[in-house]
>>> print(open('query05.cif').read())   # mmCIF, C-alpha atoms
data_target
loop_
_atom_site.group_PDB
_atom_site.id
_atom_site.type_symbol
_atom_site.label_atom_id
_atom_site.label_comp_id
_atom_site.auth_asym_id
_atom_site.auth_seq_id
_atom_site.Cartn_x
_atom_site.Cartn_y
_atom_site.Cartn_z
ATOM 1 C CA MET C 23 5.940 -28.517 1.484
ATOM 2 C CA LYS C 24 5.166 -25.567 3.734
ATOM 3 C CA LYS C 25 6.949 -23.038 1.517
ATOM 4 C CA ASN C 26 4.933 -24.357 -1.454
ATOM 5 C CA LEU C 27 1.720 -23.277 0.242
ATOM 6 C CA ILE C 28 2.845 -19.661 0.348
ATOM 7 C CA SER C 29 4.486 -19.429 -3.080
ATOM 8 C CA GLY C 30 1.543 -21.383 -4.480
ATOM 9 C CA ALA C 31 -0.865 -18.881 -2.978
ATOM 10 C CA PHE C 32 0.864 -15.941 -4.640
ATOM 11 C CA ASN C 33 1.201 -17.727 -7.984
ATOM 12 C CA LYS C 34 -2.327 -19.081 -8.117
ATOM 13 C CA VAL C 35 -4.113 -15.725 -7.998
ATOM 14 C CA PRO C 36 -6.091 -15.404 -11.244
ATOM 15 C CA THR C 37 -4.843 -12.774 -13.709
ATOM 16 C CA GLU C 38 -8.243 -11.114 -13.588
ATOM 17 C CA ASN C 39 -7.894 -10.406 -9.865
ATOM 18 C CA LYS C 40 -4.323 -9.136 -10.307
ATOM 19 C CA GLN C 41 -5.410 -6.831 -13.124
ATOM 20 C CA PHE C 42 -8.383 -5.516 -11.129
ATOM 21 C CA VAL C 43 -6.323 -4.751 -8.026
ATOM 22 C CA SER C 44 -3.447 -3.331 -10.068
ATOM 23 C CA LYS C 45 -5.720 -0.931 -11.984
ATOM 24 C CA ASN C 46 -7.552 -0.001 -8.840
ATOM 25 C CA LEU C 47 -4.318 0.802 -7.028
ATOM 26 C CA ASP C 48 -3.113 2.807 -10.053
ATOM 27 C CA ILE C 49 -6.249 4.918 -9.781
ATOM 28 C CA SER C 50 -5.892 5.199 -6.014
ATOM 29 C CA GLN C 51 -2.259 6.299 -6.335
ATOM 30 C CA GLN C 52 -3.224 8.832 -9.008
ATOM 31 C CA ILE C 53 -5.910 10.326 -6.785
ATOM 32 C CA PHE C 54 -3.517 10.564 -3.840
ATOM 33 C CA ALA C 55 -0.989 12.322 -6.083
ATOM 34 C CA ILE C 56 -3.630 14.805 -7.214
ATOM 35 C CA LEU C 57 -4.728 15.420 -3.618
ATOM 36 C CA GLU C 58 -1.127 16.068 -2.615
ATOM 37 C CA GLU C 59 -0.651 18.456 -5.533
ATOM 38 C CA LYS C 60 -3.793 20.358 -4.571
ATOM 39 C CA GLY C 61 -2.921 20.298 -0.862
ATOM 40 C CA TRP C 62 -6.180 18.524 -0.049
ATOM 41 C CA THR C 63 -6.749 15.883 2.614
ATOM 42 C CA GLN C 64 -9.080 12.907 2.217
ATOM 43 C CA ALA C 65 -11.462 14.817 4.478
ATOM 44 C CA ASP C 66 -11.448 17.753 2.010
ATOM 45 C CA LEU C 67 -12.309 15.397 -0.819
ATOM 46 C CA ALA C 68 -15.027 13.726 1.244
ATOM 47 C CA LYS C 69 -16.574 17.112 1.999
ATOM 48 C CA ARG C 70 -16.669 18.070 -1.681
ATOM 49 C CA LEU C 71 -18.156 14.694 -2.567
ATOM 50 C CA GLY C 72 -20.739 15.012 0.180
ATOM 51 C CA LYS C 73 -19.530 11.772 1.756
ATOM 52 C CA HIS C 74 -17.929 10.566 4.989
ATOM 53 C CA LYS C 75 -14.147 10.324 5.214
ATOM 54 C CA SER C 76 -14.486 6.547 5.641
ATOM 55 C CA ASP C 77 -16.273 6.363 2.282
ATOM 56 C CA VAL C 78 -13.310 8.085 0.651
ATOM 57 C CA SER C 79 -10.886 5.735 2.446
ATOM 58 C CA ARG C 80 -12.817 2.815 1.073
ATOM 59 C CA MET C 81 -12.738 4.317 -2.427
ATOM 60 C CA LEU C 82 -8.986 4.725 -2.277
ATOM 61 C CA SER C 83 -8.235 1.338 -0.715
ATOM 62 C CA GLY C 84 -7.413 -0.275 -4.024
ATOM 63 C CA LEU C 85 -10.115 -2.876 -3.599
ATOM 64 C CA GLN C 86 -13.316 -0.953 -4.122
ATOM 65 C CA ASN C 87 -14.838 -1.602 -7.514
ATOM 66 C CA LEU C 88 -15.075 2.038 -8.553
ATOM 67 C CA THR C 89 -17.655 2.670 -11.211
ATOM 68 C CA LEU C 90 -16.920 4.896 -14.180
ATOM 69 C CA LYS C 91 -19.558 7.224 -12.831
ATOM 70 C CA THR C 92 -17.679 7.598 -9.545
ATOM 71 C CA ILE C 93 -14.385 8.162 -11.347
ATOM 72 C CA SER C 94 -15.999 10.786 -13.585
ATOM 73 C CA LYS C 95 -17.415 12.570 -10.553
ATOM 74 C CA LEU C 96 -13.991 12.529 -8.915
ATOM 75 C CA GLU C 97 -12.426 13.955 -12.084
ATOM 76 C CA ILE C 98 -14.868 16.853 -12.054
ATOM 77 C CA ILE C 99 -14.220 17.627 -8.393
ATOM 78 C CA LEU C 100 -10.464 17.266 -8.745
ATOM 79 C CA GLU C 101 -10.552 19.239 -12.005
ATOM 80 C CA THR C 102 -8.247 16.844 -13.783
ATOM 81 C CA ASP C 103 -8.163 13.483 -15.507
ATOM 82 C CA ILE C 104 -7.651 10.429 -13.350
ATOM 83 C CA ILE C 105 -7.769 7.954 -16.183
ATOM 84 C CA LEU C 106 -6.743 8.600 -19.746
ATOM 85 C CA THR C 107 -6.859 6.003 -22.488
ATOM 86 C CA PRO C 108 -3.629 5.619 -24.502
ATOM 87 C CA MET C 109 -5.372 7.121 -27.544
ATOM 88 C CA LYS C 110 -6.572 10.172 -25.606
ATOM 89 C CA ALA C 111 -3.172 10.637 -23.984
ATOM 90 C CA LYS C 112 -1.479 10.518 -27.368
ATOM 91 C CA GLN C 113 -3.878 13.119 -28.786
ATOM 92 C CA LYS C 114 -3.422 15.393 -25.788
ATOM 93 C CA PHE C 115 0.339 15.325 -25.617
ATOM 94 C CA GLU C 116 1.030 15.215 -29.340
ATOM 95 C CA ALA C 117 -0.698 18.574 -29.758
ATOM 96 C CA ILE C 118 1.977 20.353 -27.760
ATOM 97 C CA LYS C 119 5.536 20.481 -28.986
ATOM 98 C CA TYR C 120 8.235 22.662 -27.503
ATOM 99 C CA VAL C 121 11.691 23.572 -28.650
ATOM 100 C CA THR C 122 14.125 24.225 -25.838
ATOM 101 C CA PHE C 123 17.613 25.495 -26.187
ATOM 102 C CA THR C 124 20.418 26.349 -23.797
ATOM 103 C CA VAL C 125 22.352 29.542 -24.216
ATOM 104 C CA GLU C 126 25.838 29.752 -22.788
ATOM 105 C CA VAL C 127 27.502 33.115 -22.556
ATOM 106 C CA ASN C 128 31.256 33.398 -22.281
ATOM 107 C CA LYS C 129 31.803 35.556 -19.212
ATOM 108 C CA ASN C 130 35.290 36.476 -20.365
ATOM 109 C CA ASP C 131 34.028 37.910 -23.640
ATOM 110 C CA ASN C 132 34.152 41.671 -23.072
ATOM 111 C CA SER C 133 32.169 42.415 -26.216
ATOM 112 C CA ILE C 134 29.024 41.213 -24.368
ATOM 113 C CA PRO C 135 27.655 43.960 -22.129
ATOM 114 C CA LYS C 136 27.439 43.100 -18.425
ATOM 115 C CA THR C 137 24.133 43.200 -16.610
ATOM 116 C CA GLN C 138 23.313 44.176 -13.071
ATOM 117 C CA HIS C 139 23.137 40.483 -12.167
ATOM 118 C CA ASP C 140 26.566 39.509 -13.436
ATOM 119 C CA ASP C 141 28.307 40.184 -10.161
ATOM 120 C CA LEU C 142 25.888 37.843 -8.433
ATOM 121 C CA GLY C 143 26.769 35.117 -10.893
ATOM 122 C CA ALA C 144 23.311 35.051 -12.485
ATOM 123 C CA TRP C 145 22.667 34.941 -16.205
ATOM 124 C CA GLU C 146 20.613 37.584 -17.866
ATOM 125 C CA LYS C 147 17.061 36.339 -18.058
ATOM 126 C CA SER C 148 15.785 35.629 -21.532
ATOM 127 C CA THR C 149 12.964 37.879 -22.553
ATOM 128 C CA THR C 150 11.672 35.474 -25.172
ATOM 129 C CA SER C 151 9.661 32.313 -24.494
ATOM 130 C CA PRO C 152 10.538 28.979 -26.084
ATOM 131 C CA LYS C 153 9.140 28.930 -29.560
ATOM 132 C CA LYS C 154 5.896 26.948 -29.726
ATOM 133 C CA ILE C 155 5.473 24.749 -32.759
ATOM 134 C CA ALA C 156 1.824 24.029 -33.529
ATOM 135 C CA MET O 5 1.388 -21.338 30.325
ATOM 136 C CA ASN O 6 3.788 -19.472 28.019
ATOM 137 C CA ARG O 7 3.806 -19.923 24.285
ATOM 138 C CA PHE O 8 6.879 -19.336 22.169
ATOM 139 C CA ALA O 9 7.085 -18.235 18.544
ATOM 140 C CA ILE O 10 9.668 -17.273 15.975
ATOM 141 C CA ILE O 11 9.573 -14.863 13.038
ATOM 142 C CA GLU O 12 9.860 -16.455 9.603
ATOM 143 C CA GLU O 13 10.243 -14.823 6.202
ATOM 144 C CA VAL O 14 7.211 -15.323 3.947
ATOM 145 C CA GLU O 15 8.256 -13.694 0.687
ATOM 146 C CA ARG O 16 10.613 -10.989 -0.444
ATOM 147 C CA PHE O 17 9.161 -8.762 -3.150
ATOM 148 C CA ASN O 18 10.766 -5.792 -4.904
ATOM 149 C CA LYS O 19 9.531 -3.253 -2.387
ATOM 150 C CA VAL O 20 8.305 -5.223 0.626
ATOM 151 C CA THR O 21 9.531 -8.222 2.574
ATOM 152 C CA TYR O 22 6.744 -10.044 4.334
ATOM 153 C CA TYR O 23 7.299 -12.080 7.479
ATOM 154 C CA THR O 24 5.021 -14.163 9.646
ATOM 155 C CA ILE O 25 5.000 -15.812 13.065
ATOM 156 C CA LYS O 26 5.270 -19.525 13.776
ATOM 157 C CA PHE O 27 4.398 -20.937 17.170
ATOM 158 C CA GLU O 28 6.532 -23.839 18.337
ATOM 159 C CA ASP O 29 3.496 -25.977 19.070
ATOM 160 C CA LYS O 30 1.995 -25.600 15.577
ATOM 161 C CA ASP O 31 2.917 -27.088 12.207
ATOM 162 C CA GLU O 32 1.865 -24.052 10.212
ATOM 163 C CA SER O 33 2.833 -20.443 10.607
ATOM 164 C CA GLU O 34 0.047 -17.953 11.226
ATOM 165 C CA PHE O 35 -0.039 -16.777 7.608
ATOM 166 C CA GLU O 36 0.097 -20.361 6.290
ATOM 167 C CA ASN O 37 -2.866 -21.146 8.497
ATOM 168 C CA PHE O 38 -4.739 -18.152 7.074
ATOM 169 C CA LEU O 39 -4.067 -19.437 3.536
ATOM 170 C CA SER O 40 -5.019 -23.017 4.394
ATOM 171 C CA LYS O 41 -8.304 -21.933 5.919
ATOM 172 C CA HIS O 42 -9.448 -19.622 3.152
ATOM 173 C CA GLN O 43 -7.897 -20.539 -0.191
ATOM 174 C CA ASP O 44 -10.527 -23.153 -1.016
ATOM 175 C CA ASP O 45 -13.510 -21.299 0.394
ATOM 176 C CA LEU O 46 -15.659 -20.611 -2.660
ATOM 177 C CA THR O 47 -17.893 -18.183 -0.755
ATOM 178 C CA ILE O 48 -14.998 -15.707 -0.510
ATOM 179 C CA LYS O 49 -13.144 -16.621 -3.688
ATOM 180 C CA ASN O 50 -13.014 -13.080 -5.070
ATOM 181 C CA GLU O 51 -12.205 -11.451 -1.739
ATOM 182 C CA TYR O 52 -9.443 -13.923 -1.044
ATOM 183 C CA ASN O 53 -7.880 -13.619 -4.512
ATOM 184 C CA ASP O 54 -8.076 -9.820 -4.457
ATOM 185 C CA LEU O 55 -6.461 -9.773 -1.010
ATOM 186 C CA ILE O 56 -3.541 -11.955 -2.099
ATOM 187 C CA ALA O 57 -3.212 -9.907 -5.313
ATOM 188 C CA TRP O 58 -3.163 -6.789 -3.168
ATOM 189 C CA VAL O 59 -0.351 -8.194 -0.976
ATOM 190 C CA THR O 60 1.630 -9.036 -4.127
ATOM 191 C CA ILE O 61 1.150 -5.709 -5.895
ATOM 192 C CA ILE O 62 1.877 -3.662 -2.785
ATOM 193 C CA GLY O 63 4.932 -5.862 -2.323
ATOM 194 C CA ASN O 64 6.222 -5.526 -5.874
ATOM 195 C CA ASN O 65 5.098 -2.117 -7.117
ATOM 196 C CA ILE O 66 3.935 0.294 -4.471
ATOM 197 C CA GLY O 67 5.450 -0.428 -1.091
ATOM 198 C CA ALA O 68 3.597 -0.702 2.199
ATOM 199 C CA LYS O 69 2.329 2.858 2.354
ATOM 200 C CA PRO O 70 0.601 3.430 5.717
ATOM 201 C CA ARG O 71 -2.601 4.658 4.077
ATOM 202 C CA TYR O 72 -3.303 1.127 2.832
ATOM 203 C CA PHE O 73 -3.165 -0.391 6.324
ATOM 204 C CA ARG O 74 -6.044 0.054 8.698
ATOM 205 C CA GLN O 75 -5.244 0.561 12.361
ATOM 206 C CA GLU O 76 -6.572 -2.129 14.680
ATOM 207 C CA ASN O 77 -5.478 -0.942 18.095
ATOM 208 C CA ARG O 78 -1.709 -1.663 18.122
ATOM 209 C CA ALA O 79 -1.905 -3.969 15.122
ATOM 210 C CA HIS O 80 -2.992 -3.306 11.559
ATOM 211 C CA ALA O 81 -5.339 -5.116 9.233
ATOM 212 C CA LEU O 82 -5.819 -5.845 5.600
ATOM 213 C CA PRO O 83 -7.564 -5.056 3.431
ATOM 214 C CA PRO O 84 -8.438 -1.471 4.171
ATOM 215 C CA PRO O 85 -10.976 -0.203 5.067
ATOM 216 C CA SER O 86 -13.000 -1.883 7.777
ATOM 217 C CA LYS O 87 -16.029 -2.818 5.799
ATOM 218 C CA LEU O 88 -16.185 -3.928 2.202
ATOM 219 C CA VAL O 89 -19.652 -4.050 0.831
ATOM 220 C CA GLU O 90 -19.259 -4.105 -2.867
ATOM 221 C CA ILE O 91 -20.696 -5.681 -5.935
ATOM 222 C CA ASP O 92 -18.381 -8.691 -5.951
ATOM 223 C CA TYR O 93 -17.863 -9.135 -2.244
ATOM 224 C CA VAL O 94 -20.253 -11.024 -0.063
ATOM 225 C CA LYS O 95 -18.240 -11.403 3.109
ATOM 226 C CA ASN O 96 -15.629 -9.472 5.006
ATOM 227 C CA LEU O 97 -12.273 -11.240 5.058
ATOM 228 C CA ARG O 98 -9.740 -9.781 7.453
ATOM 229 C CA LEU O 99 -5.979 -10.421 7.730
ATOM 230 C CA TYR O 100 -4.130 -8.948 10.715
ATOM 231 C CA CYS O 101 -0.556 -7.784 10.474
ATOM 232 C CA MET O 102 2.122 -5.583 11.967
ATOM 233 C CA TRP O 103 3.297 -2.622 9.960
ATOM 234 C CA ILE O 104 6.966 -2.026 10.673
ATOM 235 C CA SER O 105 7.930 0.135 7.732
ATOM 236 C CA GLU O 106 7.078 0.711 4.091
ATOM 237 C CA SER O 107 9.342 -2.223 3.281
ATOM 238 C CA ILE O 108 8.661 -4.640 6.130
ATOM 239 C CA ILE O 109 5.345 -6.194 7.187
ATOM 240 C CA ILE O 110 4.660 -9.127 9.504
ATOM 241 C CA LEU O 111 1.546 -11.026 8.446
ATOM 242 C CA PHE O 112 -0.492 -12.792 11.112
ATOM 243 C CA ASN O 113 -3.784 -14.608 10.781
ATOM 244 C CA GLY O 114 -7.391 -13.661 10.259
ATOM 245 C CA ALA O 115 -10.890 -14.756 9.458
ATOM 246 C CA ILE O 116 -14.222 -13.645 8.078
ATOM 247 C CA LYS O 117 -15.595 -10.816 10.167
ATOM 248 C CA THR O 118 -19.297 -11.196 10.843
ATOM 249 C CA LYS O 119 -19.952 -8.367 13.315
ATOM 250 C CA ASN O 120 -19.408 -4.636 13.176
ATOM 251 C CA THR O 121 -16.386 -4.682 15.458
ATOM 252 C CA ALA O 122 -13.549 -7.178 15.708
ATOM 253 C CA GLN O 123 -14.059 -7.445 19.459
ATOM 254 C CA ASP O 124 -17.655 -8.552 18.977
ATOM 255 C CA CYS O 125 -16.922 -11.061 16.244
ATOM 256 C CA PRO O 126 -16.233 -14.619 17.476
ATOM 257 C CA ASN O 127 -14.336 -15.387 14.233
ATOM 258 C CA VAL O 128 -11.812 -12.552 14.248
ATOM 259 C CA LYS O 129 -11.594 -11.678 17.940
ATOM 260 C CA PRO O 130 -9.014 -14.382 18.735
ATOM 261 C CA HIS O 131 -6.880 -13.188 15.813
ATOM 262 C CA PHE O 132 -7.350 -9.523 16.708
ATOM 263 C CA ASP O 133 -6.305 -10.211 20.321
ATOM 264 C CA LEU O 134 -3.353 -12.358 19.293
ATOM 265 C CA ALA O 135 -2.188 -9.778 16.735
ATOM 266 C CA ASN O 136 -2.160 -7.063 19.359
ATOM 267 C CA LYS O 137 -0.261 -9.222 21.859
ATOM 268 C CA LEU O 138 2.279 -10.147 19.197
ATOM 269 C CA VAL O 139 2.802 -6.516 18.221
ATOM 270 C CA LEU O 140 3.441 -5.614 21.850
ATOM 271 C CA GLU O 141 6.005 -8.379 22.304
ATOM 272 C CA ILE O 142 7.750 -7.744 18.981
ATOM 273 C CA GLU O 143 7.991 -4.055 19.791
ATOM 274 C CA LYS O 144 9.688 -4.958 23.091
ATOM 275 C CA LEU O 145 12.235 -7.074 21.211
ATOM 276 C CA MET O 146 12.825 -4.264 18.723
ATOM 277 C CA ARG O 147 12.853 -1.284 21.014
ATOM 278 C CA GLY O 148 13.590 -2.779 24.442
ATOM 279 C CA PRO O 149 17.000 -2.849 26.117
ATOM 280 C CA TYR O 150 18.299 -5.908 24.240
ATOM 281 C CA LYS O 151 17.089 -5.127 20.703
ATOM 282 C CA THR O 152 17.233 -8.688 19.451
ATOM 283 C CA ILE O 153 15.256 -7.708 16.355
ATOM 284 C CA ILE O 154 16.603 -4.863 14.278
ATOM 285 C CA GLU O 155 15.111 -3.305 11.193
ATOM 286 C CA ASP O 156 17.535 -3.104 8.262
ATOM 287 C CA PRO O 157 15.720 -0.819 5.815
ATOM 288 C CA LYS O 158 18.623 -0.626 3.380
ATOM 289 C CA ASN O 159 18.376 -4.373 2.749
ATOM 290 C CA GLN O 160 14.610 -4.506 3.284
ATOM 291 C CA GLN O 161 14.879 -7.057 6.088
ATOM 292 C CA LEU O 162 14.719 -7.743 9.781
ATOM 293 C CA ILE O 163 17.938 -8.819 11.442
ATOM 294 C CA ILE O 164 16.976 -11.284 14.142
ATOM 295 C CA ASP O 165 19.439 -12.556 16.719
ATOM 296 C CA ALA O 166 19.702 -16.345 16.653
ATOM 297 C CA GLY O 167 17.473 -17.951 19.221
ATOM 298 C CA THR O 168 15.164 -14.935 19.480
ATOM 299 C CA GLU O 169 11.717 -16.037 20.493
ATOM 300 C CA ILE O 170 8.510 -14.197 21.104
ATOM 301 C CA MET O 171 6.961 -15.206 24.371
ATOM 302 C CA LEU O 172 3.246 -14.902 25.063
#
>>> encode(input="query05.cif", output="structure tokens")
Amino acid sequence: MKKNLISGAFNKVPTENKQFVSKNLDISQQIFAILEEKGWTQADLAKRLGKHKSDVSRMLSGLQNLTLKTISKLEIILETDIILTPMKAKQKFEAIKYVTFTVEVNKNDNSIPKTQHDDLGAWEKSTTSPKKIA
Amino acid sequence: MNRFAIIEEVERFNKVTYYTIKFEDKDESEFENFLSKHQDDLTIKNEYNDLIAWVTIIGNNIGAKPRYFRQENRAHALPPPSKLVEIDYVKNLRLYCMWISESIIILFNGAIKTKNTAQDCPNVKPHFDLANKLVLEIEKLMRGPYKTIIEDPKNQQLIIDAGTEIML
């Protein structure tokens, strides 16, 4: 009976609440990742937003109902997308295609001239970039 | 007069195992009591459901990252931050806990906070005080000379010596 109370509690949460918190935490996690990449603290973000650090904490708690306006403002300050619809993501990443290839040189083949790096065990650096296909 | 309690497992999720405390003189554990008191309260329906959803999603997907737990003296509290004044929320539901690691949390009890500080609020103060006492005693059992409670991060669990009780 007692165990039912707890498992019941977790199972009875409406899907709407789960979706809201899940999306909110996704956004929060994304912002934290961007902050880490930029080497910013929450205080740095708060300063740029013109808010208190506690306001930023609240924003990133995963339970604040962030408006699209707030998210847009954050995207401008962070200089990157926080949310991207599947359609937009597809458009963005489909536009870039790369071809990569690995070149292996046989070190025992004396017909290939040695470079100054060979003794250090390094390969000669390619002077050409991967070919970009539009 | 001393009170005695044991640690019970609440739920094991993919990334977090939640525990709670049960006093010998009570039928419900602290977390069960929190659920019983608030699950049917329509005035905090959204807050309550979001909080439980939060516990689940942190447990399954994200892990108990410290940034999501607000410091309350020695204890911690959910949800972060201290004050939620948002479109859907009318009141300020608070659940106290002990953060042990990103994979182990002990959930205590809580209530609706009606004042600016926990110490000033007649609803949450008893839970705030109890949470802090419990944290102190559990830390003694984990880090004291006998170490009757050991964290096993590899298996996402606490290893508790049989008969271990928390004494308040």
>>> interface_residues(input="query05.cif", of="chain C", to="chain O", cutoff="7 Å", atoms="all atoms listed in the file", output="MDAnalysis selection string")
chainID C and resid 27:28 32 35 39:40 43:44 79:80 83 86:87
>>> closest_residue(input="query05.cif", among="O:Glu28, O:Ala68, O:Lys41, O:Leu97", to="O:Lys119", atoms="all atoms listed in the file")
O:Leu97
>>> resolve_selection(input="query05.cif", expression="the PyMOL selection byres ((chain C and resi 56-69) around 9)", output="VMD selection string")
chain C and resid 51 to 55 70 to 79 96 99 to 100 102 104
>>> write_last_selection(input="query05.cif", atoms="C-alpha atoms", output="mmCIF file, keeping the file's coordinate frame")
data_model
loop_
_atom_site.group_PDB
_atom_site.id
_atom_site.type_symbol
_atom_site.label_atom_id
_atom_site.label_comp_id
_atom_site.auth_asym_id
_atom_site.auth_seq_id
_atom_site.Cartn_x
_atom_site.Cartn_y
_atom_site.Cartn_z
ATOM 1 C CA GLN C 51 -2.259 6.299 -6.335
ATOM 2 C CA GLN C 52 -3.224 8.832 -9.008
ATOM 3 C CA ILE C 53 -5.910 10.326 -6.785
ATOM 4 C CA PHE C 54 -3.517 10.564 -3.840
ATOM 5 C CA ALA C 55 -0.989 12.322 -6.083
ATOM 6 C CA ARG C 70 -16.669 18.070 -1.681
ATOM 7 C CA LEU C 71 -18.156 14.694 -2.567
ATOM 8 C CA GLY C 72 -20.739 15.012 0.180
ATOM 9 C CA LYS C 73 -19.530 11.772 1.756
ATOM 10 C CA HIS C 74 -17.929 10.566 4.989
ATOM 11 C CA LYS C 75 -14.147 10.324 5.214
ATOM 12 C CA SER C 76 -14.486 6.547 5.641
ATOM 13 C CA ASP C 77 -16.273 6.363 2.282
ATOM 14 C CA VAL C 78 -13.310 8.085 0.651
ATOM 15 C CA SER C 79 -10.886 5.735 2.446
ATOM 16 C CA LEU C 96 -13.991 12.529 -8.915
ATOM 17 C CA ILE C 99 -14.220 17.627 -8.393
ATOM 18 C CA LEU C 100 -10.464 17.266 -8.745
ATOM 19 C CA THR C 102 -8.247 16.844 -13.783
ATOM 20 C CA ILE C 104 -7.651 10.429 -13.350
#
>>> residues_around(input="query05.cif", residues="stretch 138-154 of chain O", least_positions_apart="3", cutoff="8 Å", atoms="only C-alpha atoms", output="list in words")
Arg78, Ala79, Met102, Leu134, Ala135, Leu162, Ile163, Ile164, Asp165, Thr168, Ile170, Met171 and Leu172 of chain O
>>> write_last_selection(input="query05.cif", atoms="C-alpha atoms", output="short mmCIF file (atom, residue, chain, number, x, y, z; two decimals), in the frame of the given file")
data_model
loop_
_atom_site.label_atom_id
_atom_site.label_comp_id
_atom_site.auth_asym_id
_atom_site.auth_seq_id
_atom_site.Cartn_x
_atom_site.Cartn_y
_atom_site.Cartn_z
CA ARG O 78 -1.71 -1.66 18.12
CA ALA O 79 -1.90 -3.97 15.12
CA MET O 102 2.12 -5.58 11.97
CA LEU O 134 -3.35 -12.36 19.29
CA ALA O 135 -2.19 -9.78 16.74
CA LEU O 162 14.72 -7.74 9.78
CA ILE O 163 17.94 -8.82 11.44
CA ILE O 164 16.98 -11.28 14.14
CA ASP O 165 19.44 -12.56 16.72
CA THR O 168 15.16 -14.94 19.48
CA ILE O 170 8.51 -14.20 21.10
CA MET O 171 6.96 -15.21 24.37
CA LEU O 172 3.25 -14.90 25.06
#
>>> atom_distance(input="query05.cif", atom1="atom CA of O:Phe8", atom2="atom CA of O:Lys26")
8.5 Å
>>> resolve_selection(input="query05.cif", expression="the PyMOL selection byres ((chain O and resi 157) around 12)", output="PDB file with C-alpha atoms, keeping the file's coordinate frame")
ATOM      1  CA  LYS O  19       9.531  -3.253  -2.387  1.00  0.00           C
ATOM      2  CA  VAL O  20       8.305  -5.223   0.626  1.00  0.00           C
ATOM      3  CA  THR O  21       9.531  -8.222   2.574  1.00  0.00           C
ATOM      4  CA  ILE O 104       6.966  -2.026  10.673  1.00  0.00           C
ATOM      5  CA  SER O 105       7.930   0.135   7.732  1.00  0.00           C
ATOM      6  CA  GLU O 106       7.078   0.711   4.091  1.00  0.00           C
ATOM      7  CA  SER O 107       9.342  -2.223   3.281  1.00  0.00           C
ATOM      8  CA  ILE O 108       8.661  -4.640   6.130  1.00  0.00           C
ATOM      9  CA  ILE O 109       5.345  -6.194   7.187  1.00  0.00           C
ATOM     10  CA  ILE O 154      16.603  -4.863  14.278  1.00  0.00           C
ATOM     11  CA  GLU O 155      15.111  -3.305  11.193  1.00  0.00           C
ATOM     12  CA  ASP O 156      17.535  -3.104   8.262  1.00  0.00           C
ATOM     13  CA  LYS O 158      18.623  -0.626   3.380  1.00  0.00           C
ATOM     14  CA  ASN O 159      18.376  -4.373   2.749  1.00  0.00           C
ATOM     15  CA  GLN O 160      14.610  -4.506   3.284  1.00  0.00           C
ATOM     16  CA  GLN O 161      14.879  -7.057   6.088  1.00  0.00           C
ATOM     17  CA  LEU O 162      14.719  -7.743   9.781  1.00  0.00           C
ATOM     18  CA  ILE O 163      17.938  -8.819  11.442  1.00  0.00           C
TER      19      ILE O 163
END
>>> resolve_selection(input="query05.cif", expression="the PyMOL selection byres ((chain O and resi 111) around 7)", output="PyMOL selection string")
chain O and resi 22-24+35+100-102+109-110+112-113
>>> write_last_selection(input="query05.cif", atoms="C-alpha atoms", output="PDB file, in the coordinates of the input")
ATOM      1  CA  TYR O  22       6.744 -10.044   4.334  1.00  0.00           C
ATOM      2  CA  TYR O  23       7.299 -12.080   7.479  1.00  0.00           C
ATOM      3  CA  THR O  24       5.021 -14.163   9.646  1.00  0.00           C
ATOM      4  CA  PHE O  35      -0.039 -16.777   7.608  1.00  0.00           C
ATOM      5  CA  TYR O 100      -4.130  -8.948  10.715  1.00  0.00           C
ATOM      6  CA  CYS O 101      -0.556  -7.784  10.474  1.00  0.00           C
ATOM      7  CA  MET O 102       2.122  -5.583  11.967  1.00  0.00           C
ATOM      8  CA  ILE O 109       5.345  -6.194   7.187  1.00  0.00           C
ATOM      9  CA  ILE O 110       4.660  -9.127   9.504  1.00  0.00           C
ATOM     10  CA  PHE O 112      -0.492 -12.792  11.112  1.00  0.00           C
ATOM     11  CA  ASN O 113      -3.784 -14.608  10.781  1.00  0.00           C
TER      12      ASN O 113
END
>>> atom_distance(input="query05.cif", atom1="atom CA of C:Leu106", atom2="atom CA of C:Met81")
18.8 Å
>>> atom_distance(input="query05.cif", atom1="atom CA of O:Gln75", atom2="atom CA of C:Asn46")
21.3 Å
